[in-house]
Amino acid sequence: MSLSRTLFAAAFVAFLMFATACSGDDGNGAWKGKTESGTDLTVDLWVPATDPGVAPFEAFRKATGAPEVLYGKVTAKNNGNAPDNGRFITLTGKDGDALGDDAIEANFVCGQISRWLAVVLTQSTELNIQLATLQQGACKGTTGGPTIAPGETAVYYVALEAESEPEFERVFAGVPNELKR
């Protein structure tokens, strides 16, 4: 092997080691676990605002002028024999204190739309139509998470008011159910 190839290979290996060391685990991606009633959860942090499930919400948020949000996608498969409810998502530090002052909640996106509407000084007919469409369609008339019948799978979204991704180490569905990578 020539000296130039050896130097190139060494530089490339050093670059890969540096990139791996600097990338770290930022919390993005899928977190999985179960609720206390046995529903399997997969939480994808974070999905783009162009995701088909959140695009109508993002259009409404932009139309209201509300602050930017991050969206998470929750897939819940109820394997139990009783209905289960969707859970908000709690992000914590290493301590896992889901009730602590530093805990961050990503709430149901359907619950966020009323907050977004509150920043609008003058409501338009178009904005009211968007709101009604979301409330009657994707939100199915509720501001909370969905009710998931036994044997069914539901996909719902959570939103966190933030311009950039928060730092966190642990993820909970609601308070008691820790999710893992």
# chains A, B, ... in the order shown; residues from 1 in each chain; ligands from 1

$ select_by_dssp --residues "range 13-90 of chain A" --states "strand (DSSP E or B)" --output "PyMOL selection string"
chain A and resi 29-34+40-47+69-77+84-85+89-90

$ residues_around --residues "Ala82 in chain A" --least-positions-apart "4" --cutoff "12 Å" --atoms "only C-alpha atoms" --output "list of chain:residue names"
A:Glu36, A:Ser37, A:Gly38, A:Thr39, A:Asn78, A:Thr147, A:Ile148, A:Ala149, A:Pro150, A:Gly151, A:Glu152

$ residues_around --residues "range 87-92 of chain A" --least-positions-apart "3" --cutoff "10 Å" --atoms "only C-alpha atoms" --output "PyMOL selection string"
chain A and resi 27+35+41+43+72+74+76+84+95-109+144-147+156-160+166-179

$ atom_distance --atom1 "CA of Asp51 in chain A" --atom2 "CA of Thr75 in chain A"
14.2 Å

$ residues_around --residues "range 110-119 of chain A" --least-positions-apart "4" --cutoff "10 Å" --atoms "only C-alpha atoms" --output "ChimeraX atom specification"
/A:57-58,60-67,69,106,123,127-128,131,134-135,138-146,156-161

$ decode --residues "range 26-128 of chain A" --atoms "C-alpha atoms" --output "PDB file, in the first residue's frame"
ATOM      1  CA  ASP A  26     -29.767  13.275  21.143  1.00  0.00           C
ATOM      2  CA  GLY A  27     -33.030  11.538  21.979  1.00  0.00           C
ATOM      3  CA  ASN A  28     -34.388  11.602  18.437  1.00  0.00           C
ATOM      4  CA  GLY A  29     -35.946   8.505  16.980  1.00  0.00           C
ATOM      5  CA  ALA A  30     -38.198   5.776  18.317  1.00  0.00           C
ATOM      6  CA  TRP A  31     -38.864   5.199  22.015  1.00  0.00           C
ATOM      7  CA  LYS A  32     -40.862   2.083  22.927  1.00  0.00           C
ATOM      8  CA  GLY A  33     -42.731   0.745  25.922  1.00  0.00           C
ATOM      9  CA  LYS A  34     -46.095  -0.234  27.385  1.00  0.00           C
ATOM     10  CA  THR A  35     -48.790   1.478  29.359  1.00  0.00           C
ATOM     11  CA  GLU A  36     -49.876   0.011  32.689  1.00  0.00           C
ATOM     12  CA  SER A  37     -52.812  -1.623  30.870  1.00  0.00           C
ATOM     13  CA  GLY A  38     -50.606  -3.337  28.265  1.00  0.00           C
ATOM     14  CA  THR A  39     -50.887  -1.021  25.260  1.00  0.00           C
ATOM     15  CA  ASP A  40     -47.681  -1.077  23.187  1.00  0.00           C
ATOM     16  CA  LEU A  41     -46.359   2.398  22.439  1.00  0.00           C
ATOM     17  CA  THR A  42     -43.856   3.660  19.906  1.00  0.00           C
ATOM     18  CA  VAL A  43     -43.053   7.362  20.160  1.00  0.00           C
ATOM     19  CA  ASP A  44     -41.113   8.957  17.311  1.00  0.00           C
ATOM     20  CA  LEU A  45     -39.337  12.133  18.387  1.00  0.00           C
ATOM     21  CA  TRP A  46     -39.419  14.266  16.244  1.00  0.00           C
ATOM     22  CA  VAL A  47     -41.385  14.150  12.988  1.00  0.00           C
ATOM     23  CA  PRO A  48     -41.165  16.910  10.386  1.00  0.00           C
ATOM     24  CA  ALA A  49     -43.986  19.445  10.098  1.00  0.00           C
ATOM     25  CA  THR A  50     -44.512  18.109   6.571  1.00  0.00           C
ATOM     26  CA  ASP A  51     -45.566  14.682   7.923  1.00  0.00           C
ATOM     27  CA  PRO A  52     -49.070  14.069   6.530  1.00  0.00           C
ATOM     28  CA  GLY A  53     -50.475  13.598  10.033  1.00  0.00           C
ATOM     29  CA  VAL A  54     -49.263  16.969  11.297  1.00  0.00           C
ATOM     30  CA  ALA A  55     -49.294  19.065   8.115  1.00  0.00           C
ATOM     31  CA  PRO A  56     -52.877  20.331   8.687  1.00  0.00           C
ATOM     32  CA  PHE A  57     -51.995  21.277  12.268  1.00  0.00           C
ATOM     33  CA  GLU A  58     -48.833  23.031  11.117  1.00  0.00           C
ATOM     34  CA  ALA A  59     -50.807  24.997   8.509  1.00  0.00           C
ATOM     35  CA  PHE A  60     -53.248  26.081  11.228  1.00  0.00           C
ATOM     36  CA  ARG A  61     -50.424  26.969  13.644  1.00  0.00           C
ATOM     37  CA  LYS A  62     -48.739  29.102  10.991  1.00  0.00           C
ATOM     38  CA  ALA A  63     -52.047  30.794  10.101  1.00  0.00           C
ATOM     39  CA  THR A  64     -52.528  31.798  13.748  1.00  0.00           C
ATOM     40  CA  GLY A  65     -48.961  33.088  14.098  1.00  0.00           C
ATOM     41  CA  ALA A  66     -48.391  30.882  17.155  1.00  0.00           C
ATOM     42  CA  PRO A  67     -44.806  30.011  18.167  1.00  0.00           C
ATOM     43  CA  GLU A  68     -43.014  27.086  16.525  1.00  0.00           C
ATOM     44  CA  VAL A  69     -43.519  23.573  17.821  1.00  0.00           C
ATOM     45  CA  LEU A  70     -41.890  20.177  17.557  1.00  0.00           C
ATOM     46  CA  TYR A  71     -44.125  17.243  16.715  1.00  0.00           C
ATOM     47  CA  GLY A  72     -43.951  13.689  18.027  1.00  0.00           C
ATOM     48  CA  LYS A  73     -45.817  10.743  16.545  1.00  0.00           C
ATOM     49  CA  VAL A  74     -47.297   8.101  18.852  1.00  0.00           C
ATOM     50  CA  THR A  75     -48.415   4.690  17.637  1.00  0.00           C
ATOM     51  CA  ALA A  76     -50.445   2.849  20.276  1.00  0.00           C
ATOM     52  CA  LYS A  77     -51.563  -0.788  19.868  1.00  0.00           C
ATOM     53  CA  ASN A  78     -54.002  -1.894  22.541  1.00  0.00           C
ATOM     54  CA  ASN A  79     -53.290  -5.554  23.292  1.00  0.00           C
ATOM     55  CA  GLY A  80     -55.474  -5.533  26.392  1.00  0.00           C
ATOM     56  CA  ASN A  81     -59.107  -6.410  26.883  1.00  0.00           C
ATOM     57  CA  ALA A  82     -60.325  -2.952  27.896  1.00  0.00           C
ATOM     58  CA  PRO A  83     -60.222   0.452  26.191  1.00  0.00           C
ATOM     59  CA  ASP A  84     -57.100   2.507  26.851  1.00  0.00           C
ATOM     60  CA  ASN A  85     -56.387   6.219  26.507  1.00  0.00           C
ATOM     61  CA  GLY A  86     -53.622   8.024  24.683  1.00  0.00           C
ATOM     62  CA  ARG A  87     -50.844   9.462  26.823  1.00  0.00           C
ATOM     63  CA  PHE A  88     -49.017  12.777  26.727  1.00  0.00           C
ATOM     64  CA  ILE A  89     -45.241  12.454  26.568  1.00  0.00           C
ATOM     65  CA  THR A  90     -42.924  13.633  29.346  1.00  0.00           C
ATOM     66  CA  LEU A  91     -39.210  14.261  28.785  1.00  0.00           C
ATOM     67  CA  THR A  92     -36.850  14.326  31.750  1.00  0.00           C
ATOM     68  CA  GLY A  93     -33.209  14.480  32.640  1.00  0.00           C
ATOM     69  CA  LYS A  94     -31.220  11.586  34.018  1.00  0.00           C
ATOM     70  CA  ASP A  95     -33.166  11.726  37.323  1.00  0.00           C
ATOM     71  CA  GLY A  96     -36.395  10.617  35.611  1.00  0.00           C
ATOM     72  CA  ASP A  97     -38.491  12.987  37.743  1.00  0.00           C
ATOM     73  CA  ALA A  98     -41.557  13.239  35.507  1.00  0.00           C
ATOM     74  CA  LEU A  99     -43.240  15.545  38.031  1.00  0.00           C
ATOM     75  CA  GLY A 100     -40.200  17.754  38.604  1.00  0.00           C
ATOM     76  CA  ASP A 101     -39.749  21.381  37.628  1.00  0.00           C
ATOM     77  CA  ASP A 102     -37.396  20.420  34.796  1.00  0.00           C
ATOM     78  CA  ALA A 103     -39.752  17.875  33.210  1.00  0.00           C
ATOM     79  CA  ILE A 104     -41.007  18.838  29.752  1.00  0.00           C
ATOM     80  CA  GLU A 105     -44.422  17.795  28.477  1.00  0.00           C
ATOM     81  CA  ALA A 106     -45.323  17.253  24.849  1.00  0.00           C
ATOM     82  CA  ASN A 107     -49.107  17.490  24.891  1.00  0.00           C
ATOM     83  CA  PHE A 108     -51.767  16.194  22.527  1.00  0.00           C
ATOM     84  CA  VAL A 109     -51.694  18.291  19.385  1.00  0.00           C
ATOM     85  CA  CYS A 110     -55.496  18.580  19.483  1.00  0.00           C
ATOM     86  CA  GLY A 111     -55.170  20.298  22.847  1.00  0.00           C
ATOM     87  CA  GLN A 112     -52.680  22.782  21.420  1.00  0.00           C
ATOM     88  CA  ILE A 113     -54.968  24.234  18.751  1.00  0.00           C
ATOM     89  CA  SER A 114     -56.991  26.252  21.272  1.00  0.00           C
ATOM     90  CA  ARG A 115     -53.721  27.748  22.572  1.00  0.00           C
ATOM     91  CA  TRP A 116     -52.705  28.648  19.033  1.00  0.00           C
ATOM     92  CA  LEU A 117     -56.064  30.279  18.391  1.00  0.00           C
ATOM     93  CA  ALA A 118     -55.642  32.404  21.536  1.00  0.00           C
ATOM     94  CA  VAL A 119     -52.797  34.385  19.913  1.00  0.00           C
ATOM     95  CA  VAL A 120     -54.989  35.516  16.999  1.00  0.00           C
ATOM     96  CA  LEU A 121     -56.271  39.073  17.333  1.00  0.00           C
ATOM     97  CA  THR A 122     -58.785  38.874  14.501  1.00  0.00           C
ATOM     98  CA  GLN A 123     -60.255  35.552  13.459  1.00  0.00           C
ATOM     99  CA  SER A 124     -61.128  34.999   9.828  1.00  0.00           C
ATOM    100  CA  THR A 125     -63.698  32.725   8.266  1.00  0.00           C
ATOM    101  CA  GLU A 126     -60.870  30.684   6.727  1.00  0.00           C
ATOM    102  CA  LEU A 127     -59.218  30.224  10.127  1.00  0.00           C
ATOM    103  CA  ASN A 128     -62.516  29.130  11.695  1.00  0.00           C
TER     104      ASN A 128
END
